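*Asks:* Mind having a look at this structure? Questions to follow.
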Amino acid sequence: MRVSVDIEGLDKIKNIGPAIPKSIFEMVRFVAHEVHIRMAAYPPETYANQPGPYPERWYQRHFGQRWARLDGSTGGNDTSEQLQKSWREVVVGPLTREVWTDVSYAPYVQSAEYQSGAMRVIGWQTDEEVVEEVMNDARIQRRIDAAIDSALEA
């Protein structure tokens, strides 16, 4: 699963040649990192993550299914691909970074196209929601505008 962000105004900077200011590269890295941090954020745990006495079953984050045994011990399957820890940033080009994960179930948890209703109810944000949130964050928008203005003035 890959997340893309289009930054308005960046196309103008590509035309200024090889002397692209360092502030632009830093701004692209900053935006990608903000998307990365927010994609990796988990919603609060629910009742489905809470252990209980036999015959309870629950999902333990970063591990997988767990269950209580009659003798008081806990069983489980280590099936988690650790979605939160799997998100990565990769430099694709001079002004392009990708934020991605290769976790097989990520689209069903965080993709606007494939997210299951259960994940929506739990509170998982989709890729589109995260990008919209990042691009509508006034602090981030000010940084983008300042970097683009600075580059165009140089």
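Scheme for the structure tokens: letters A, B, ... for chains in order shown; per-chain residue numbers from 1; ligand numbers from 1 in order shown.
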Write out as CSV the residues of segment 7-71 of chain A that have any atom within 12 Å of an atom of segment 77-98 of chain A, one row each with the nearest atom pair and its distance in Å to one decimal, counting only C-alpha atoms, sorted by chain and then rising number.
*Replies:*
residue,atom,partner,partner_atom,distance
A:Ile7,CA,A:Leu95,CA,10.1
A:Gly9,CA,A:Leu95,CA,12.0
A:Leu10,CA,A:Leu95,CA,8.3
A:Asp11,CA,A:Leu95,CA,9.7
A:Lys12,CA,A:Leu95,CA,11.9
A:Ile13,CA,A:Leu95,CA,9.5
A:Lys14,CA,A:Leu95,CA,8.3
A:Gly17,CA,A:Pro94,CA,11.7
A:Pro18,CA,A:Pro94,CA,10.0
A:Ala19,CA,A:Pro94,CA,11.5
A:Ile20,CA,A:Pro94,CA,9.4
A:Pro21,CA,A:Leu95,CA,11.1
A:Lys22,CA,A:Leu95,CA,10.8
A:Ser23,CA,A:Leu95,CA,11.2
A:Ile24,CA,A:Leu95,CA,7.9
A:Phe25,CA,A:Leu95,CA,6.4
A:Glu26,CA,A:Leu95,CA,9.6
A:Met27,CA,A:Leu95,CA,9.4
A:Val28,CA,A:Leu95,CA,6.5
A:Arg29,CA,A:Arg97,CA,7.1
A:Phe30,CA,A:Arg97,CA,10.1
A:Val31,CA,A:Arg97,CA,9.2
A:Ala32,CA,A:Arg97,CA,6.4
A:His33,CA,A:Glu89,CA,7.3
A:Glu34,CA,A:Glu89,CA,10.4
A:Val35,CA,A:Glu89,CA,9.3
A:His36,CA,A:Trp87,CA,6.5
A:Ile37,CA,A:Trp87,CA,8.4
A:Arg38,CA,A:Gln84,CA,9.8
A:Met39,CA,A:Trp87,CA,7.4
A:Ala40,CA,A:Gln84,CA,4.5
A:Ala41,CA,A:Gln84,CA,6.6
A:Tyr42,CA,A:Gln84,CA,7.0
A:Pro43,CA,A:Gln84,CA,10.8
A:Arg57,CA,A:Asn77,CA,11.4
A:Trp58,CA,A:Asn77,CA,11.1
A:Tyr59,CA,A:Ser80,CA,9.3
A:Gln60,CA,A:Ser80,CA,8.7
A:Arg61,CA,A:Ser80,CA,7.3
A:His62,CA,A:Gln82,CA,4.9
A:Phe63,CA,A:Ser80,CA,5.0
A:Gly64,CA,A:Ser80,CA,4.8
A:Gln65,CA,A:Asn77,CA,5.5
A:Arg66,CA,A:Asn77,CA,6.6
A:Trp67,CA,A:Asn77,CA,9.2
*Asks:* Could you take the residues named above and write them with N, CA and C atoms, as a CSV table (one decimal), in the first residue's frame?
*Replies:*
chain,number,residue,atom,x,y,z
A,7,ILE,N,1.7,18.2,-3.9
A,7,ILE,CA,1.8,19.5,-3.3
A,7,ILE,C,1.7,20.6,-4.4
A,9,GLY,N,2.0,23.8,-6.5
A,9,GLY,CA,3.1,24.7,-6.6
A,9,GLY,C,4.5,24.1,-6.8
A,10,LEU,N,4.6,22.8,-6.5
A,10,LEU,CA,5.8,22.1,-6.7
A,10,LEU,C,6.2,22.1,-8.1
A,11,ASP,N,5.3,22.0,-9.0
A,11,ASP,CA,5.6,22.0,-10.5
A,11,ASP,C,6.3,23.2,-10.9
A,12,LYS,N,6.0,24.4,-10.3
A,12,LYS,CA,6.7,25.6,-10.7
A,12,LYS,C,8.2,25.5,-10.3
A,13,ILE,N,8.5,24.9,-9.2
A,13,ILE,CA,9.9,24.8,-8.8
A,13,ILE,C,10.7,23.8,-9.6
A,14,LYS,N,10.1,22.8,-10.2
A,14,LYS,CA,10.8,21.9,-11.0
A,14,LYS,C,11.4,22.6,-12.2
A,17,GLY,N,15.3,24.7,-12.5
A,17,GLY,CA,16.6,24.1,-12.8
A,17,GLY,C,17.2,23.3,-11.7
A,18,PRO,N,18.5,23.0,-11.8
A,18,PRO,CA,19.2,22.1,-10.9
A,18,PRO,C,19.5,22.8,-9.5
A,19,ALA,N,19.3,24.1,-9.4
A,19,ALA,CA,19.6,24.8,-8.2
A,19,ALA,C,18.3,24.9,-7.3
A,20,ILE,N,17.7,23.8,-7.1
A,20,ILE,CA,16.5,23.8,-6.2
A,20,ILE,C,17.0,24.0,-4.8
A,21,PRO,N,16.4,24.9,-4.1
A,21,PRO,CA,16.9,25.2,-2.7
A,21,PRO,C,16.7,24.0,-1.8
A,22,LYS,N,17.6,23.9,-0.8
A,22,LYS,CA,17.5,22.8,0.2
A,22,LYS,C,16.2,22.9,0.9
A,23,SER,N,15.6,24.0,1.1
A,23,SER,CA,14.4,24.2,1.9
A,23,SER,C,13.2,23.4,1.2
A,24,ILE,N,13.3,23.2,-0.1
A,24,ILE,CA,12.3,22.5,-0.8
A,24,ILE,C,12.4,21.0,-0.5
A,25,PHE,N,13.6,20.5,-0.6
A,25,PHE,CA,13.9,19.1,-0.3
A,25,PHE,C,13.4,18.8,1.1
A,26,GLU,N,13.8,19.7,2.1
A,26,GLU,CA,13.4,19.5,3.5
A,26,GLU,C,11.9,19.6,3.6
A,27,MET,N,11.2,20.4,2.9
A,27,MET,CA,9.7,20.5,2.9
A,27,MET,C,9.1,19.2,2.4
A,28,VAL,N,9.6,18.7,1.3
A,28,VAL,CA,9.1,17.4,0.8
A,28,VAL,C,9.3,16.3,1.8
A,29,ARG,N,10.4,16.2,2.5
A,29,ARG,CA,10.7,15.2,3.5
A,29,ARG,C,9.8,15.4,4.7
A,30,PHE,N,9.6,16.7,5.1
A,30,PHE,CA,8.7,17.0,6.2
A,30,PHE,C,7.3,16.5,6.0
A,31,VAL,N,6.7,16.8,4.8
A,31,VAL,CA,5.4,16.4,4.4
A,31,VAL,C,5.3,14.9,4.4
A,32,ALA,N,6.2,14.2,3.8
A,32,ALA,CA,6.2,12.7,3.8
A,32,ALA,C,6.3,12.2,5.2
A,33,HIS,N,7.1,12.8,6.0
A,33,HIS,CA,7.2,12.3,7.4
A,33,HIS,C,5.9,12.5,8.2
A,34,GLU,N,5.2,13.6,8.0
A,34,GLU,CA,3.9,13.8,8.6
A,34,GLU,C,2.9,12.7,8.2
A,35,VAL,N,2.9,12.4,6.9
A,35,VAL,CA,2.0,11.4,6.4
A,35,VAL,C,2.4,10.0,7.1
A,36,HIS,N,3.7,9.7,7.1
A,36,HIS,CA,4.2,8.5,7.7
A,36,HIS,C,3.7,8.4,9.2
A,37,ILE,N,4.0,9.4,10.0
A,37,ILE,CA,3.6,9.4,11.4
A,37,ILE,C,2.1,9.1,11.6
A,38,ARG,N,1.3,9.8,10.8
A,38,ARG,CA,-0.1,9.7,10.9
A,38,ARG,C,-0.7,8.4,10.4
A,39,MET,N,-0.1,7.8,9.3
A,39,MET,CA,-0.5,6.5,8.9
A,39,MET,C,-0.1,5.4,9.9
A,40,ALA,N,1.0,5.6,10.6
A,40,ALA,CA,1.4,4.6,11.6
A,40,ALA,C,0.6,4.7,12.9
A,41,ALA,N,-0.2,5.8,13.1
A,41,ALA,CA,-0.9,6.0,14.4
A,41,ALA,C,-2.1,5.0,14.4
A,42,TYR,N,-2.2,4.3,15.6
A,42,TYR,CA,-3.3,3.4,15.8
A,42,TYR,C,-4.4,4.1,16.6
A,43,PRO,N,-5.7,3.8,16.3
A,43,PRO,CA,-6.8,4.3,17.1
A,43,PRO,C,-6.7,3.7,18.5
A,57,ARG,N,-11.5,-14.5,23.8
A,57,ARG,CA,-10.5,-14.3,22.7
A,57,ARG,C,-10.4,-12.8,22.5
A,58,TRP,N,-9.2,-12.4,22.1
A,58,TRP,CA,-8.9,-11.0,21.8
A,58,TRP,C,-7.8,-10.9,20.8
A,59,TYR,N,-7.6,-9.7,20.3
A,59,TYR,CA,-6.5,-9.4,19.4
A,59,TYR,C,-5.4,-8.5,20.1
A,60,GLN,N,-4.2,-9.0,20.3
A,60,GLN,CA,-3.2,-8.2,20.9
A,60,GLN,C,-2.3,-7.6,19.8
A,61,ARG,N,-2.3,-6.3,19.8
A,61,ARG,CA,-1.5,-5.5,18.8
A,61,ARG,C,-0.1,-6.0,18.8
A,62,HIS,N,0.5,-6.0,17.6
A,62,HIS,CA,1.9,-6.5,17.4
A,62,HIS,C,2.1,-7.9,17.7
A,63,PHE,N,1.0,-8.7,17.9
A,63,PHE,CA,1.2,-10.1,18.1
A,63,PHE,C,0.2,-10.9,17.3
A,64,GLY,N,-1.1,-10.7,17.6
A,64,GLY,CA,-2.1,-11.5,16.9
A,64,GLY,C,-3.2,-12.0,17.8
A,65,GLN,N,-3.9,-13.0,17.3
A,65,GLN,CA,-5.0,-13.6,18.2
A,65,GLN,C,-4.5,-14.2,19.4
A,66,ARG,N,-5.2,-13.9,20.5
A,66,ARG,CA,-4.8,-14.5,21.8
A,66,ARG,C,-6.1,-15.1,22.4
A,67,TRP,N,-6.0,-16.1,23.3
A,67,TRP,CA,-7.2,-16.7,23.9
A,67,TRP,C,-6.8,-17.2,25.3
*Asks:* Taking only C-alpha atoms into account, produce a table as JSON lines in which each residue of segment 16-114 of chain A with an atom at most 6 Å from an atom of segment 121-137 of chain A appears once, together with its shortest atom pair and the distance in Å to one decimal, ordered by chain and rising number.
*Replies:*
{"residue": "A:Pro43", "atom": "CA", "partner": "A:Gly123", "partner_atom": "CA", "distance": 5.6}
{"residue": "A:Gln110", "atom": "CA", "partner": "A:Thr126", "partner_atom": "CA", "distance": 4.3}
{"residue": "A:Ser111", "atom": "CA", "partner": "A:Thr126", "partner_atom": "CA", "distance": 5.0}
{"residue": "A:Ala112", "atom": "CA", "partner": "A:Thr126", "partner_atom": "CA", "distance": 5.0}
*Asks:* Could you tell me, as a ChimeraX atom specification, which residues of chain A DSSP assigns to helix (DSSP H, G or I) when given the backbone?
*Replies:* /A:10-14,22-39,47-49,83-86,106-110,117-122,127-135,138-153
*Asks:* So how far away is atom CA of Pro107 of chain A from atom CA of Gly52 of chain A, in Å?
*Replies:*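 Interatomic distance here is 29.4 Å.
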*Asks:* Which value, in Å to one decimal, gives the distance between atom CA of Val5 of chain A and atom CA of Ile144 of chain A?
*Replies:* 12.4 Å
*Asks:* Please, which residues of chain A, numbered as in this document, come out strand (DSSP E) from DSSP, as an MDAnalysis selection string?
*Replies:* chainID A and resid 2:3 57:60 64:68 74:76 88:93 96:100
*Asks:* Next, dump the selected residues to file, keeping only C-alpha atoms, as a PDB file, in the first residue's frame.
*Replies:*
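Result file again20.pdb:
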ATOM      1  CA  ARG A   2       1.423   3.374  -1.047  1.00  0.00           C
ATOM      2  CA  VAL A   3       0.303   6.858  -0.076  1.00  0.00           C
ATOM      3  CA  ARG A  57     -10.521 -14.335  22.721  1.00  0.00           C
ATOM      4  CA  TRP A  58      -8.917 -11.009  21.801  1.00  0.00           C
ATOM      5  CA  TYR A  59      -6.456  -9.420  19.411  1.00  0.00           C
ATOM      6  CA  GLN A  60      -3.168  -8.249  20.901  1.00  0.00           C
ATOM      7  CA  GLY A  64      -2.126 -11.467  16.861  1.00  0.00           C
ATOM      8  CA  GLN A  65      -5.013 -13.571  18.155  1.00  0.00           C
ATOM      9  CA  ARG A  66      -4.839 -14.548  21.815  1.00  0.00           C
ATOM     10  CA  TRP A  67      -7.155 -16.656  23.927  1.00  0.00           C
ATOM     11  CA  ALA A  68      -7.582 -17.626  27.538  1.00  0.00           C
ATOM     12  CA  THR A  74      -2.874 -17.736  27.488  1.00  0.00           C
ATOM     13  CA  GLY A  75      -2.585 -19.137  24.000  1.00  0.00           C
ATOM     14  CA  GLY A  76      -2.066 -17.313  20.769  1.00  0.00           C
ATOM     15  CA  ARG A  88       8.431   3.442   5.529  1.00  0.00           C
ATOM     16  CA  GLU A  89       9.504   6.548   3.616  1.00  0.00           C
ATOM     17  CA  VAL A  90      11.438   6.079   0.404  1.00  0.00           C
ATOM     18  CA  VAL A  91      13.080   8.702  -1.797  1.00  0.00           C
ATOM     19  CA  VAL A  92      11.766   8.111  -5.327  1.00  0.00           C
ATOM     20  CA  GLY A  93      13.132  11.210  -7.028  1.00  0.00           C
ATOM     21  CA  THR A  96       9.295  12.759  -4.617  1.00  0.00           C
ATOM     22  CA  ARG A  97       9.022  10.523  -1.572  1.00  0.00           C
ATOM     23  CA  GLU A  98       6.701   7.576  -1.081  1.00  0.00           C
ATOM     24  CA  VAL A  99       5.177   6.497   2.192  1.00  0.00           C
ATOM     25  CA  TRP A 100       4.364   2.811   2.042  1.00  0.00           C
TER      26      TRP A 100
END
*Asks:* By how many Å are atom CA of Asn49 of chain A and atom CA of Arg120 of chain A apart?
*Replies:*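 A separation of 15.9 Å between them.
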